[in-house]
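Enquirer: One structure coming up, written as structure tokens, with questions to follow.
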Amino acid sequence: MPDTHALLSSLSRLSLVGPVATATVALVGAVALVVLLVAARRSSRRALGIAGAAAVAGTLGAAGVVWAVGRPLPLQLSEVGIAAVAVAVAGTCAAGAAVASRRGRPVPLSPGRVIGADGAVAVVAAAALSVTAVVVVNRDTGRYPTLGSVVGHRPPAAVQFVDFDAVPGPQHRVLSGTPVARVWRPPLRATRDGLLTHVTIPGARSGFAARPALVYLPPAYLDSPRPLLPVLVLVAGNPGKPDDWLGIGLADIVSRFAAAHQGLAPVVIVPDALGADDAVPLCLDSRLGNVQTYLAADVPAWAAENLQVDADPRAWAIGGYSYGGTCAVQLAVNRPDVYPTFLDISGQDEPSLGDHTETVAATYGGDERAFAAVSARDELTGGARPAAVGVFVAGEDDDEYRPQQQRMYAAAAAAGMDVRYYELPGPHSGRVWTPAFARELDWIAVRTGLLAP
């Protein structure tokens with residue numbers, strides 16, 4: 001008899017976004033669609049017409065709600081995803097029409113209530129189409145990558161969550177050198193797992209009221225002697241919170257990196273750059289809040305006081321996806337003395353609330369010159385030459401942000417910055433953000449002096 005725990009673990013790891021799952025769902029959806037068409041064939045034209053109209057209206061309504069809630073993010077479902085939602089809505093309406101027709105042999109629902117066989121078959125087919133739509137949309141968004149993640153059983157990462165009070169304090173024995181990997185020799189009883197913790201980083205200079213930050217400490221940080229490690233600051237998207245980086249795969253990616261490099265990895269700080277889920281202060285010092293000062297002054301000052309890390313700016317990098325990507329390039333251009341290395345994944349070509357005029361009015365009272373003086377693309381176009389090195393990444397299917405990334409990259413390259421740009425398959429979602437971060441972590445480690453070139 002097979003081990004039940006092993007069986008459940010295997011099922012938990014089944015991919016919901018891989019090629020096997022995609023092919024299976026496509027087959028189920030196609031069969032369900034054919035069955036539904038056969039079952040609903042004897043419904044009246046009027047009923048089917050109403051079903052089609054309801055499908056269009058329902059899909060457009062759902063798209064409008066998603067856009068309004070996520071603004072300024074665009075609706076980022078693929079054409080296949082939108083079609084799957086439309087077909088599922090249409091199928092539900094068509095099933096209703098088939099049920100109302102009561103065609104076919106009676107099928108009991110409950111005592112005293114029956115429906116026609118055609119209606120029963122149509123309901124099952126419509127349910128299958130709805131499940132197909134959910135799986136297709138999940139593939140686009142990457143929200144639940146495995147079967148286990150649906151019920152919260154994500155693959156365990158080699159990292160532990162602790163209270164910040166449990167984080168080891170300063171050590172007298174510290175190894176320093178560049179690259180760190182050249183001077184680091186792990187002890188015989190080296191720590192295997194890293195730590196994750198939450199901590200509130202106060203806005204001492206900025207006055208910005210941030211929510212608790214997420215901090216990752218690699219295994220080597222917990223060893224003795226302790227290597228003096230570089231710092232990677234990451235910013236999440238909007239709407240969002242620091243812990244959203246866990247959904248992007250932060251714990252798993254940095255844990256695998258540390259395991260491959262004798263416990264070495266950057267110390268990762270994910271500060272809150274929003275203040276609230278529905279806030280959009282744009283990583284500027286403006287009427288919306290002094291987020292630039294918070295990220296460029298308060299966060300490094302807190303790290304210097306509370307963590308034992310390399311304080312040299314060359315050992316610091318900033319990165320992010322979507323809103324966080326925009327923040328990364330903003331800080332690199334405006335404060336290259338703090339963040340000379342940046343990773344901009346799916347960011348915008350200027351800080352935005354969704355409309356340029358609205359943004360300038362909200363941040364600087366309509367003063368275009370004041371906005372241009374802090375907007376990274378305007379600064380670069382105007383002659384700024386920041387001593388920063390960076391990478392721009394966009395999704396091939398991201399029709400909203402990909403052109404903006406291209407414009408931002410062109411401005412940076414024209415200004416003489418050492419930058420790269422490339423695209424990955426996928427839309428404006430974790431399908432791009434996760435592999436981009438994993439792919440560039442080695443480069444960041446080299447840039448910040450952790451690994452040799």
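Letters A, B, ... go to the chains of the structure tokens in the order shown; residues in each chain start at 1; ligands are counted from 1 in the same order.
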List every residue of region 228-397 of chain A that DSSP, applied to the backbone, labels as strand (DSSP E), and write the result as a VMD selection string.

Expert: chain A and resid 231 to 235 267 to 270 285 to 286 289 to 290 316 to 321 341 to 345 389 to 395

Enquirer: DSSP on the backbone: what in region 165-326 of chain A comes out alpha helix (DSSP H), as a PyMOL selection string?

Expert: chain A and resi 180-183+244-248+250-260+291-293+299-306+323-326

Enquirer: Which distance in Å separates CA of Glu396 (chain A) and CA of Tyr409 (chain A), to one decimal?

Expert: 15.3 Å

Enquirer: Give me the residues within 6 Å of Leu451 (chain A) as a list in words, counting only C-alpha atoms and dropping any in the same chain fewer than 6 places off.

Expert: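 Selected residues are Pro179, Ala181 and Ala445 of chain A.
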
Enquirer: Could the residues in this selection be written to a file with all heavy atoms, as a JSON list (two decimals), in the first residue's frame?

Expert:
[["chain", "number", "residue", "atom", "x", "y", "z"],
["A", 179, "PRO", "N", 35.28, 39.81, -4.00],
["A", 179, "PRO", "CA", 33.92, 39.37, -3.67],
["A", 179, "PRO", "C", 33.87, 38.60, -2.36],
["A", 179, "PRO", "O", 34.86, 37.99, -1.94],
["A", 179, "PRO", "CB", 33.55, 38.49, -4.85],
["A", 179, "PRO", "CG", 34.85, 37.92, -5.31],
["A", 179, "PRO", "CD", 35.86, 39.02, -5.11],
["A", 181, "ALA", "N", 32.41, 35.85, -1.70],
["A", 181, "ALA", "CA", 32.59, 34.41, -1.88],
["A", 181, "ALA", "C", 34.05, 34.01, -1.83],
["A", 181, "ALA", "O", 34.37, 32.85, -1.51],
["A", 181, "ALA", "CB", 31.97, 33.98, -3.21],
["A", 445, "ALA", "N", 24.17, 39.64, -7.62],
["A", 445, "ALA", "CA", 25.20, 39.18, -6.69],
["A", 445, "ALA", "C", 26.59, 39.59, -7.15],
["A", 445, "ALA", "O", 27.44, 39.95, -6.33],
["A", 445, "ALA", "CB", 25.11, 37.66, -6.53]]

Enquirer: Report the distance between CA of Cys93 (chain A) and CA of Ala54 (chain A) in Å, rounded to one decimal place.

Expert: 7.2 Å

Enquirer: So what do you get for CA of Val20 (chain A) versus CA of Ser78 (chain A), distance-wise?

Expert: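 If I compute the distance from CA of Val20 (chain A) to CA of Ser78 (chain A), I get 18.9 Å.
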
Enquirer: Under the rule of at most 12 Å, produce a per-residue listing of region 236-319 of chain A near region 344-350 of chain A: chain, number, name, the closest pair of atoms, and the distance in Å, as CSV, using only C-alpha atoms.

Expert:
residue,atom,partner,partner_atom,distance
A:Ala236,CA,A:Ile345,CA,10.6
A:Gly237,CA,A:Gly347,CA,9.3
A:Asn238,CA,A:Gly347,CA,11.1
A:Leu282,CA,A:Glu350,CA,9.3
A:Cys283,CA,A:Glu350,CA,10.8
A:Leu284,CA,A:Glu350,CA,11.0
A:Ala317,CA,A:Asp344,CA,11.1
A:Ile318,CA,A:Asp344,CA,8.6
A:Gly319,CA,A:Asp344,CA,5.8

Enquirer: Write out as a list in words the residues lying within 12 Å of Glu79 (chain A), counting only C-alpha atoms and excluding same-chain residues fewer than 5 positions away.

Expert: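 My list of contacting residues is Ala84, Val85, Ala86, Ala133, Val136, Val137, Asp140, Asp397, Asp398, Asp399, Gly426 and Pro427 of chain A.
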
Enquirer: Write the residues you've just listed into a file as a CSV table (one decimal), in the first residue's frame, and include C-alpha atoms for each of them.

Expert:
chain,number,residue,atom,x,y,z
A,84,ALA,CA,-12.4,31.3,-21.8
A,85,VAL,CA,-14.3,33.6,-19.5
A,86,ALA,CA,-16.7,34.6,-22.2
A,133,ALA,CA,-11.9,29.3,-17.4
A,136,VAL,CA,-6.9,29.4,-17.8
A,137,VAL,CA,-7.1,32.7,-15.9
A,140,ASP,CA,-2.3,33.9,-16.9
A,397,ASP,CA,2.4,39.9,-24.0
A,398,ASP,CA,2.3,43.0,-21.8
A,399,ASP,CA,0.9,45.4,-24.3
A,426,GLY,CA,4.0,36.1,-20.6
A,427,PRO,CA,1.8,39.1,-19.7

Enquirer: Tell me which of A:Ala361, A:Ala373, A:Leu250, A:Leu195 sits closest to Phe437 (chain A), counting only C-alpha atoms.

Expert: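 With only C-alpha atoms as the atom set, the closest residue is A:Leu250.
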
Enquirer: List the spatial neighbours of Pro168 (chain A) as a list in words - criterion: any atom at most 10 Å away, only C-alpha atoms, same-chain residues fewer than 6 positions off excluded.

Expert: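 Everything that qualifies: Tyr221, Leu222, Asp223, Leu307 and Gln308 of chain A.
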
Enquirer: Mind checking which residues fall within 12 Å of Leu288 (chain A), counting only C-alpha atoms, ignoring those fewer than 2 positions away in the same chain, and posting them as number ranges by chain?

Expert: A: 206-209, 273-275, 279-286, 290-292, 353, 359-365

Enquirer: Any chance you can output those residues with N, CA, C and O atoms as a compact mmCIF listing (two decimals), in the first residue's frame?

Expert:
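After the write, result-v7.txt holds the following:
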# COMPACT_ATOMS: atom_id res chain seq x y z
N SER A 206 11.76 60.80 6.68
CA SER A 206 10.74 61.06 5.67
C SER A 206 9.37 61.37 6.26
O SER A 206 8.55 62.05 5.63
N GLY A 207 9.12 60.83 7.46
CA GLY A 207 7.78 60.97 8.03
C GLY A 207 6.78 60.02 7.40
O GLY A 207 5.58 60.08 7.68
N PHE A 208 7.26 59.10 6.55
CA PHE A 208 6.36 58.18 5.86
C PHE A 208 5.95 57.06 6.80
O PHE A 208 6.78 56.43 7.45
N ALA A 209 4.64 56.81 6.88
CA ALA A 209 4.11 55.77 7.76
C ALA A 209 3.98 54.47 6.98
O ALA A 209 2.99 54.24 6.27
N ALA A 273 6.34 50.49 0.26
CA ALA A 273 6.46 51.76 -0.47
C ALA A 273 5.09 52.32 -0.83
O ALA A 273 4.99 53.17 -1.71
N LEU A 274 4.05 51.84 -0.15
CA LEU A 274 2.69 52.33 -0.42
C LEU A 274 2.06 52.98 0.79
O LEU A 274 1.44 54.05 0.68
N GLY A 275 2.16 52.34 1.95
CA GLY A 275 1.51 52.87 3.14
C GLY A 275 0.15 52.25 3.39
O GLY A 275 -0.31 52.16 4.52
N ALA A 279 -3.15 52.99 -1.57
CA ALA A 279 -2.36 54.22 -1.72
C ALA A 279 -1.39 54.08 -2.88
O ALA A 279 -0.93 52.99 -3.20
N VAL A 280 -1.08 55.22 -3.54
CA VAL A 280 -0.12 55.21 -4.66
C VAL A 280 0.76 56.46 -4.55
O VAL A 280 0.60 57.42 -5.29
N PRO A 281 1.73 56.46 -3.62
CA PRO A 281 2.58 57.65 -3.44
C PRO A 281 3.69 57.79 -4.48
O PRO A 281 4.39 58.81 -4.49
N LEU A 282 3.90 56.78 -5.33
CA LEU A 282 4.75 56.89 -6.52
C LEU A 282 6.24 56.99 -6.28
O LEU A 282 6.98 57.38 -7.18
N CYS A 283 6.73 56.66 -5.11
CA CYS A 283 8.18 56.66 -4.84
C CYS A 283 8.83 58.01 -5.12
O CYS A 283 9.96 58.08 -5.63
N LEU A 284 8.09 59.07 -4.85
CA LEU A 284 8.59 60.43 -5.00
C LEU A 284 8.54 61.12 -3.64
O LEU A 284 7.89 60.64 -2.71
N ASP A 285 9.21 62.25 -3.54
CA ASP A 285 8.98 63.17 -2.42
C ASP A 285 8.01 64.22 -2.95
O ASP A 285 8.41 65.14 -3.67
N SER A 286 6.75 64.08 -2.62
CA SER A 286 5.73 64.96 -3.18
C SER A 286 4.60 65.14 -2.17
O SER A 286 4.71 64.74 -1.00
N ASN A 290 6.74 61.30 1.28
CA ASN A 290 8.18 61.32 0.98
C ASN A 290 8.73 59.90 0.88
O ASN A 290 9.57 59.47 1.68
N VAL A 291 8.27 59.19 -0.13
CA VAL A 291 8.67 57.79 -0.27
C VAL A 291 10.11 57.67 -0.74
O VAL A 291 10.83 56.75 -0.36
N GLN A 292 10.57 58.60 -1.57
CA GLN A 292 11.96 58.53 -2.03
C GLN A 292 12.91 58.65 -0.84
O GLN A 292 13.88 57.88 -0.72
N LEU A 353 -0.50 57.83 -11.85
CA LEU A 353 -1.75 57.45 -11.20
C LEU A 353 -2.76 56.97 -12.23
O LEU A 353 -3.92 56.76 -11.91
N THR A 359 -1.70 62.94 -12.43
CA THR A 359 -0.52 62.64 -11.62
C THR A 359 0.23 63.89 -11.22
O THR A 359 0.60 64.08 -10.06
N VAL A 360 0.46 64.78 -12.18
CA VAL A 360 1.19 66.02 -11.90
C VAL A 360 0.40 66.89 -10.93
O VAL A 360 0.97 67.52 -10.03
N ALA A 361 -0.91 66.92 -11.08
CA ALA A 361 -1.75 67.72 -10.18
C ALA A 361 -1.68 67.18 -8.76
O ALA A 361 -1.59 67.94 -7.79
N ALA A 362 -1.73 65.86 -8.62
CA ALA A 362 -1.75 65.25 -7.29
C ALA A 362 -0.40 65.33 -6.60
O ALA A 362 -0.32 65.46 -5.38
N THR A 363 0.69 65.28 -7.37
CA THR A 363 2.03 65.25 -6.76
C THR A 363 2.62 66.65 -6.56
O THR A 363 3.20 66.94 -5.51
N TYR A 364 2.48 67.51 -7.57
CA TYR A 364 3.13 68.83 -7.49
C TYR A 364 2.19 69.97 -7.87
O TYR A 364 2.64 71.00 -8.38
N GLY A 365 0.91 69.78 -7.62
CA GLY A 365 -0.04 70.86 -7.84
C GLY A 365 -0.11 71.33 -9.28
O GLY A 365 -0.41 72.50 -9.52

Enquirer: A:Val80, A:Ala436, A:Ile50, A:Ala210: which is nearest Thr132 (chain A), counting only C-alpha atoms?

Expert: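 Of A:Val80, A:Ala436, A:Ile50, A:Ala210, the one nearest Thr132 (chain A), counting only C-alpha atoms, is A:Val80.
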
Enquirer: If you count only C-alpha atoms, which residues fall within 10 Å of Lys241 (chain A), apart from same-chain ones fewer than 5 positions away, as a ChimeraX atom specification?

Expert: /A:211-214,235-236,270-277

Enquirer: Using the selection just defined, write its residues with N, CA, C and O atoms as a PDB file, in the first residue's frame.

Expert:
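Output saved as selection.pdb:
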ATOM      1  N   ARG A 211       3.950  50.262   6.426  1.00  0.00           N
ATOM      2  CA  ARG A 211       3.564  49.001   7.046  1.00  0.00           C
ATOM      3  C   ARG A 211       4.827  48.151   7.261  1.00  0.00           C
ATOM      4  O   ARG A 211       5.885  48.459   6.730  1.00  0.00           O
ATOM      5  N   PRO A 212       4.725  47.070   8.034  1.00  0.00           N
ATOM      6  CA  PRO A 212       5.924  46.251   8.310  1.00  0.00           C
ATOM      7  C   PRO A 212       6.587  45.746   7.037  1.00  0.00           C
ATOM      8  O   PRO A 212       5.922  45.354   6.074  1.00  0.00           O
ATOM      9  N   ALA A 213       7.905  45.775   7.057  1.00  0.00           N
ATOM     10  CA  ALA A 213       8.704  45.272   5.939  1.00  0.00           C
ATOM     11  C   ALA A 213       8.953  43.781   6.117  1.00  0.00           C
ATOM     12  O   ALA A 213       8.825  43.220   7.211  1.00  0.00           O
ATOM     13  N   LEU A 214       9.303  43.138   5.024  1.00  0.00           N
ATOM     14  CA  LEU A 214       9.717  41.741   5.026  1.00  0.00           C
ATOM     15  C   LEU A 214      11.234  41.704   4.874  1.00  0.00           C
ATOM     16  O   LEU A 214      11.785  42.395   4.011  1.00  0.00           O
ATOM     17  N   VAL A 235      10.817  46.060  -4.057  1.00  0.00           N
ATOM     18  CA  VAL A 235       9.553  46.771  -3.883  1.00  0.00           C
ATOM     19  C   VAL A 235       8.465  46.008  -4.624  1.00  0.00           C
ATOM     20  O   VAL A 235       8.668  45.567  -5.767  1.00  0.00           O
ATOM     21  N   ALA A 236       7.313  45.850  -3.990  1.00  0.00           N
ATOM     22  CA  ALA A 236       6.203  45.102  -4.583  1.00  0.00           C
ATOM     23  C   ALA A 236       5.382  46.002  -5.501  1.00  0.00           C
ATOM     24  O   ALA A 236       5.658  47.199  -5.662  1.00  0.00           O
ATOM     25  N   VAL A 270      12.396  44.021   1.971  1.00  0.00           N
ATOM     26  CA  VAL A 270      11.234  44.397   1.160  1.00  0.00           C
ATOM     27  C   VAL A 270      10.427  45.416   1.950  1.00  0.00           C
ATOM     28  O   VAL A 270       9.510  45.065   2.692  1.00  0.00           O
ATOM     29  N   PRO A 271      10.757  46.699   1.815  1.00  0.00           N
ATOM     30  CA  PRO A 271      10.031  47.715   2.573  1.00  0.00           C
ATOM     31  C   PRO A 271       8.677  48.017   1.932  1.00  0.00           C
ATOM     32  O   PRO A 271       8.441  47.706   0.762  1.00  0.00           O
ATOM     33  N   ASP A 272       7.806  48.608   2.712  1.00  0.00           N
ATOM     34  CA  ASP A 272       6.508  49.036   2.196  1.00  0.00           C
ATOM     35  C   ASP A 272       6.679  50.395   1.534  1.00  0.00           C
ATOM     36  O   ASP A 272       7.109  51.359   2.169  1.00  0.00           O
ATOM     37  N   ALA A 273       6.336  50.488   0.256  1.00  0.00           N
ATOM     38  CA  ALA A 273       6.458  51.756  -0.469  1.00  0.00           C
ATOM     39  C   ALA A 273       5.091  52.319  -0.834  1.00  0.00           C
ATOM     40  O   ALA A 273       4.985  53.174  -1.712  1.00  0.00           O
ATOM     41  N   LEU A 274       4.051  51.844  -0.149  1.00  0.00           N
ATOM     42  CA  LEU A 274       2.692  52.326  -0.425  1.00  0.00           C
ATOM     43  C   LEU A 274       2.057  52.984   0.791  1.00  0.00           C
ATOM     44  O   LEU A 274       1.441  54.049   0.682  1.00  0.00           O
ATOM     45  N   GLY A 275       2.159  52.344   1.953  1.00  0.00           N
ATOM     46  CA  GLY A 275       1.515  52.870   3.145  1.00  0.00           C
ATOM     47  C   GLY A 275       0.153  52.245   3.389  1.00  0.00           C
ATOM     48  O   GLY A 275      -0.310  52.159   4.516  1.00  0.00           O
ATOM     49  N   ALA A 276      -0.503  51.815   2.316  1.00  0.00           N
ATOM     50  CA  ALA A 276      -1.799  51.140   2.387  1.00  0.00           C
ATOM     51  C   ALA A 276      -2.050  50.476   1.051  1.00  0.00           C
ATOM     52  O   ALA A 276      -1.457  50.856   0.031  1.00  0.00           O
ATOM     53  N   ASP A 277      -2.930  49.477   1.046  1.00  0.00           N
ATOM     54  CA  ASP A 277      -3.192  48.743  -0.197  1.00  0.00           C
ATOM     55  C   ASP A 277      -3.664  49.651  -1.322  1.00  0.00           C
ATOM     56  O   ASP A 277      -3.336  49.450  -2.488  1.00  0.00           O
TER      57      ASP A 277
END

Enquirer: From the list A:Leu27, A:Gly96, A:Gly289, A:Arg420, which residue is nearest Leu129 (chain A) when using only C-alpha atoms?

Expert: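 Among the listed residues, A:Leu27 lies closest to Leu129 (chain A).
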